[in-house]
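Pasting upload_23.txt here (compact mmCIF, C-alpha atoms):
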# COMPACT_ATOMS: atom_id res chain seq x y z
CA MET C 1 -33.81 14.73 -65.55
CA ASP C 2 -34.57 13.56 -69.09
CA THR C 3 -31.15 11.99 -69.20
CA TRP C 4 -31.80 9.62 -66.25
CA ARG C 5 -32.92 6.81 -68.55
CA GLN C 6 -29.96 7.50 -70.85
CA LEU C 7 -27.38 6.84 -68.11
CA LYS C 8 -25.43 3.59 -68.19
CA PRO C 9 -25.56 1.00 -65.37
CA LEU C 10 -22.13 2.01 -64.07
CA GLU C 11 -23.37 5.60 -63.74
CA TRP C 12 -26.47 4.42 -61.85
CA CYS C 13 -24.21 2.46 -59.49
CA LYS C 14 -22.93 5.79 -58.17
CA TYR C 15 -26.34 6.26 -56.53
CA VAL C 16 -26.48 2.87 -54.79
CA ASN C 17 -26.26 3.02 -50.96
CA LYS C 18 -26.89 6.77 -50.94
CA GLU C 19 -29.79 8.71 -49.53
CA VAL C 20 -31.53 10.56 -52.35
CA LYS C 21 -34.48 12.76 -53.16
CA VAL C 22 -36.16 11.69 -56.39
CA THR C 23 -38.42 14.14 -58.16
CA ALA C 24 -40.86 12.29 -60.39
CA HIS C 25 -43.52 13.48 -62.82
CA GLU C 26 -46.01 16.04 -61.48
CA LYS C 27 -43.30 17.12 -58.98
CA GLN C 28 -43.87 14.12 -56.70
CA GLN C 29 -40.91 13.68 -54.38
CA HIS C 30 -39.65 10.46 -52.90
CA HIS C 31 -36.91 10.17 -50.27
CA GLY C 32 -34.95 7.08 -49.34
CA TRP C 33 -31.80 5.02 -49.70
CA VAL C 34 -31.10 3.61 -53.15
CA PHE C 35 -30.88 -0.17 -52.98
CA THR C 36 -30.54 -0.67 -56.73
CA VAL C 37 -31.46 0.69 -60.14
CA ASP C 38 -33.01 -1.63 -62.70
CA PRO C 39 -30.74 -1.57 -65.77
CA VAL C 40 -33.60 -2.18 -68.22
CA SER C 41 -36.31 0.21 -67.00
CA ALA C 42 -34.09 2.66 -65.06
CA SER C 43 -36.47 2.23 -62.11
CA ILE C 44 -35.07 3.12 -58.69
CA VAL C 45 -35.64 0.90 -55.64
CA LEU C 46 -35.77 3.16 -52.57
CA VAL C 47 -35.74 1.96 -48.97
CA THR C 48 -36.93 4.16 -46.11
CA PHE C 49 -35.91 3.13 -42.60
CA GLN C 50 -38.44 3.77 -39.83
CA GLU C 51 -37.52 5.25 -36.46
CA LYS C 52 -36.88 2.91 -33.52
CA GLY C 53 -36.69 -0.43 -35.30
CA GLY C 54 -39.88 -0.19 -37.34
CA THR C 55 -40.32 -2.10 -40.56
CA PRO C 56 -38.51 -0.46 -43.48
CA THR C 57 -40.59 0.48 -46.51
CA VAL C 58 -39.60 -0.27 -50.08
CA ARG C 59 -40.76 1.91 -52.97
CA VAL C 60 -40.05 1.58 -56.68
CA VAL C 61 -39.95 4.79 -58.70
CA THR C 62 -40.38 3.87 -62.34
CA GLY C 63 -37.58 5.09 -64.58
CA HIS C 64 -39.78 6.91 -67.08
CA ALA C 65 -41.19 9.09 -64.29
CA VAL C 66 -37.81 10.20 -62.87
CA GLN C 67 -37.08 13.84 -63.55
CA GLU C 68 -34.31 14.55 -61.04
CA VAL C 69 -32.21 12.63 -58.54
CA GLU C 70 -30.42 14.56 -55.82
CA VAL C 71 -27.95 12.88 -53.44
CA LEU C 72 -28.67 13.94 -49.86
CA GLN C 73 -26.20 11.79 -47.96
CA GLU C 74 -23.44 9.29 -48.68
CA GLY C 75 -23.92 5.80 -47.32
CA ASN C 76 -21.46 3.78 -45.26
CA GLU C 77 -20.86 0.09 -44.56
CA GLU C 78 -23.55 0.10 -41.86
CA THR C 79 -26.15 1.46 -44.28
CA ALA C 80 -25.12 -1.04 -46.96
CA GLY C 81 -25.48 -3.83 -44.40
CA GLN C 82 -28.95 -2.64 -43.36
CA LEU C 83 -30.04 -2.58 -47.00
CA ARG C 84 -28.69 -6.10 -47.63
CA VAL C 85 -30.44 -7.49 -44.55
CA ILE C 86 -33.83 -6.34 -45.85
CA PHE C 87 -33.50 -8.49 -48.96
CA THR C 88 -31.65 -11.44 -47.41
CA PRO C 89 -33.82 -14.54 -47.00
CA PRO C 90 -34.37 -15.59 -43.37
CA GLY C 91 -31.77 -18.10 -42.19
CA ALA C 92 -29.31 -17.31 -44.98
CA HIS C 93 -25.67 -17.31 -43.95
CA ALA C 94 -23.87 -14.04 -44.57
CA LEU C 95 -20.27 -14.03 -45.73
CA GLY C 96 -17.73 -12.03 -43.77
CA PRO C 97 -15.93 -9.09 -45.38
CA GLU C 98 -12.69 -11.07 -45.60
CA GLU C 99 -14.34 -13.93 -47.53
CA VAL C 100 -16.07 -11.46 -49.87
CA ARG C 101 -12.73 -9.76 -50.55
CA HIS C 102 -11.08 -13.14 -51.29
CA ARG C 103 -13.90 -14.09 -53.67
CA LYS C 104 -13.49 -10.79 -55.52
CA GLU C 105 -9.75 -11.27 -55.86
CA ARG C 106 -10.08 -14.91 -57.00
CA LEU C 107 -12.66 -13.94 -59.62
CA ARG C 108 -10.57 -11.01 -60.86
CA LEU C 109 -7.55 -13.29 -61.28
CA TRP C 110 -9.66 -15.95 -63.03
CA LEU C 111 -11.06 -13.43 -65.51
CA GLU C 112 -7.58 -12.01 -66.19
CA LYS C 113 -6.22 -15.54 -66.68
CA ASN C 114 -8.91 -15.99 -69.34
CA ARG C 115 -7.87 -12.71 -70.99
CA ILE C 116 -11.03 -10.87 -70.01
CA PRO C 117 -10.48 -7.14 -69.39
CA VAL C 118 -11.52 -6.49 -65.80
CA GLU C 119 -10.99 -3.63 -63.38
CA GLU C 120 -12.09 -2.91 -59.84
CA LYS C 121 -14.49 -0.04 -59.27
CA GLY C 122 -15.07 0.13 -55.55
CA GLU C 123 -16.81 -3.03 -54.41
CA MET C 124 -17.62 -4.10 -57.96
CA LEU C 125 -15.69 -5.68 -60.78
CA CYS C 126 -16.23 -4.09 -64.17
CA VAL C 127 -15.76 -6.34 -67.19
CA ALA C 128 -14.98 -4.61 -70.51
CA ASN C 129 -17.05 -1.59 -69.42
CA VAL C 130 -20.27 -3.46 -70.24
CA LEU C 131 -20.78 -5.82 -67.32
CA THR C 132 -20.52 -5.52 -63.55
CA VAL C 133 -20.10 -8.20 -60.91
CA SER C 134 -21.10 -7.30 -57.38
CA ALA C 135 -20.57 -9.10 -54.08
CA PRO C 136 -20.46 -11.98 -53.39
CA TYR C 137 -19.10 -12.39 -56.93
CA GLY C 138 -21.02 -15.37 -58.23
CA ALA C 139 -22.60 -15.91 -61.65
CA GLU C 140 -25.94 -14.61 -60.36
CA ASP C 141 -24.24 -11.36 -59.30
CA CYS C 142 -23.37 -10.38 -62.88
CA SER C 143 -25.31 -7.54 -64.47
CA SER C 144 -25.29 -6.34 -68.07
CA SER C 145 -27.73 -5.11 -70.67
CA ASN C 146 -25.91 -7.25 -73.26
CA GLU C 147 -27.38 -10.74 -72.85
CA ILE C 148 -24.70 -12.47 -74.93
CA ILE C 149 -21.83 -11.07 -72.88
CA LEU C 150 -23.78 -11.69 -69.68
CA ALA C 151 -24.30 -15.38 -70.50
CA ARG C 152 -20.67 -15.91 -71.51
CA VAL C 153 -19.21 -14.23 -68.44
CA GLN C 154 -21.65 -16.05 -66.16
CA SER C 155 -20.53 -19.33 -67.71
CA LEU C 156 -16.91 -18.36 -67.14
CA VAL C 157 -17.62 -17.38 -63.52
CA GLU C 158 -19.33 -20.74 -62.93
CA SER C 159 -16.31 -22.58 -64.34
CA ASN C 160 -13.89 -20.84 -61.95
CA PRO C 161 -12.02 -23.66 -60.17
CA ASP C 162 -11.20 -21.33 -57.26
CA SER C 163 -14.85 -20.63 -56.48
CA THR C 164 -16.48 -22.28 -53.51
CA PRO C 165 -19.97 -23.37 -54.68
CA ASP C 166 -20.88 -25.02 -51.38
CA GLN C 167 -21.03 -21.65 -49.63
CA PRO C 168 -24.19 -19.54 -49.86
CA ALA C 169 -24.07 -16.67 -52.31
CA ILE C 170 -25.23 -13.94 -49.95
CA SER C 171 -23.02 -11.20 -48.58

Before we go any further, please render this structure as structure tokens.
Amino acid sequence: MDTWRQLKPLEWCKYVNKEVKVTAHEKQQHHGWVFTVDPVSASIVLVTFQEKGGTPTVRVVTGHAVQEVEVLQEGNEETAGQLRVIFTPPGAHALGPEEVRHRKERLRLWLEKNRIPVEEKGEMLCVANVLTVSAPYGAEDCSSSNEIILARVQSLVESNPDSTPDQPAIS
């Protein structure tokens, strides 16, 4: 898939929380659940869950080696939760789904109040089609390849008077 590296971050997001088969150079195949895709290198972070509570394995397939990505299975909330737990620091407090939804709504309203074009795309907020904000919707959850826009939106997110900075930023 020569076009894999040409895709935009919002297109890569369609693969997150899905089980995929990645064919890399020399026909190497890698199976796993997509945790994320690096927006700079197009590298895919795959997680493979072991049977009967074993330790999950994490593999990074570098973007330049990706030839094809085939979706095998759609993920669900349980899978998304399992993926988050792997990368959550021990002892971190997780936010409930209701609090995450409130944070998303408060941030969306704050951005709109500041005349920033924002729309909801599933669990993410998309700002001007160049930046995404994922749960739990803090400044550190913004992602964009445009550093100037990223810095300005992060600054705006941090200045949101409706945000609750005393709560941990882990969903």

12 Å contact set for region 105-110 of chain C, all atoms listed in the file, chain neighbours under 6 positions out, as a PyMOL selection string: chain C and resi 98-99+116-121+123-127+132-139+141-142+153-154+156-164

Choose the residue, out of C:Val47, C:Ala24, C:Leu150, C:Leu95, that has the smallest atom-to-atom separation from Gln82 (chain C); count only C-alpha atoms. C:Val47

Per-residue nearest contacts region 92-164 of chain C to region 38-43 of chain C, cut-off 12 Å, using all atoms listed in the file, as JSON lines:
{"residue": "C:Val130", "atom": "CA", "partner": "C:Pro39", "partner_atom": "CA", "distance": 11.5}
{"residue": "C:Leu131", "atom": "CA", "partner": "C:Pro39", "partner_atom": "CA", "distance": 10.9}
{"residue": "C:Thr132", "atom": "CA", "partner": "C:Pro39", "partner_atom": "CA", "distance": 11.2}
{"residue": "C:Cys142", "atom": "CA", "partner": "C:Pro39", "partner_atom": "CA", "distance": 11.8}
{"residue": "C:Ser143", "atom": "CA", "partner": "C:Pro39", "partner_atom": "CA", "distance": 8.2}
{"residue": "C:Ser144", "atom": "CA", "partner": "C:Pro39", "partner_atom": "CA", "distance": 7.6}
{"residue": "C:Ser145", "atom": "CA", "partner": "C:Pro39", "partner_atom": "CA", "distance": 6.8}
{"residue": "C:Asn146", "atom": "CA", "partner": "C:Val40", "partner_atom": "CA", "distance": 10.5}
{"residue": "C:Glu147", "atom": "CA", "partner": "C:Val40", "partner_atom": "CA", "distance": 11.5}

From C:Glu70, C:Gln28, C:Glu78, C:Phe87, residue lying nearest Val58 (chain C) [only C-alpha atoms]: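 Ranking C:Glu70, C:Gln28, C:Glu78, C:Phe87 by distance to Val58 (chain C), first place goes to C:Phe87.
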
One decimal, Å: what's the distance from CA of Arg59 (chain C) over to CA of Thr36 (chain C), could you say? 11.2 Å

Work out how far apart CA of His102 (chain C) and CA of Thr88 (chain C) are and give it in Å to one decimal.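 So the answer is 21.0 Å.
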
Could you state the separation of CA of Gly53 (chain C) and CA of Val22 (chain C) in Å, given to one decimal place? 24.3 Å

Which polymer residues, whether protein, DNA or RNA, lie within 6 Å of the coordinate (-28.5, 6.7, -48.2) when you count all atoms listed in the file? List them as number ranges by chain, using the chain letters and numbers from the file. C: 17-19, 33, 73-75

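Close contacts of Pro56 (chain C), defined as residues with an atom at most 8 Å away when counting all atoms listed in the file, with chain neighbours fewer than 6 positions off set aside, comprise Val47, Thr48, Phe49, Gln50 and Ile86 of chain C.
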
Given only C-alpha atoms as the basis, pick out the residue of C:Arg103, C:Val45, C:Val16, C:Ile149 nearest to Asn76 (chain C).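 Of the candidates, the smallest distance to Asn76 (chain C) is held by C:Val16.
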
Quick one: what's the axis-aligned box for region 97-107 of chain C, all listed atoms, 4 Å on every side, centre and edges in Å to one decimal, as AutoDock Vina command-line options?
--center_x -12.9 --center_y -12.0 --center_z -52.5 --size_x 14.3 --size_y 13.8 --size_z 22.2
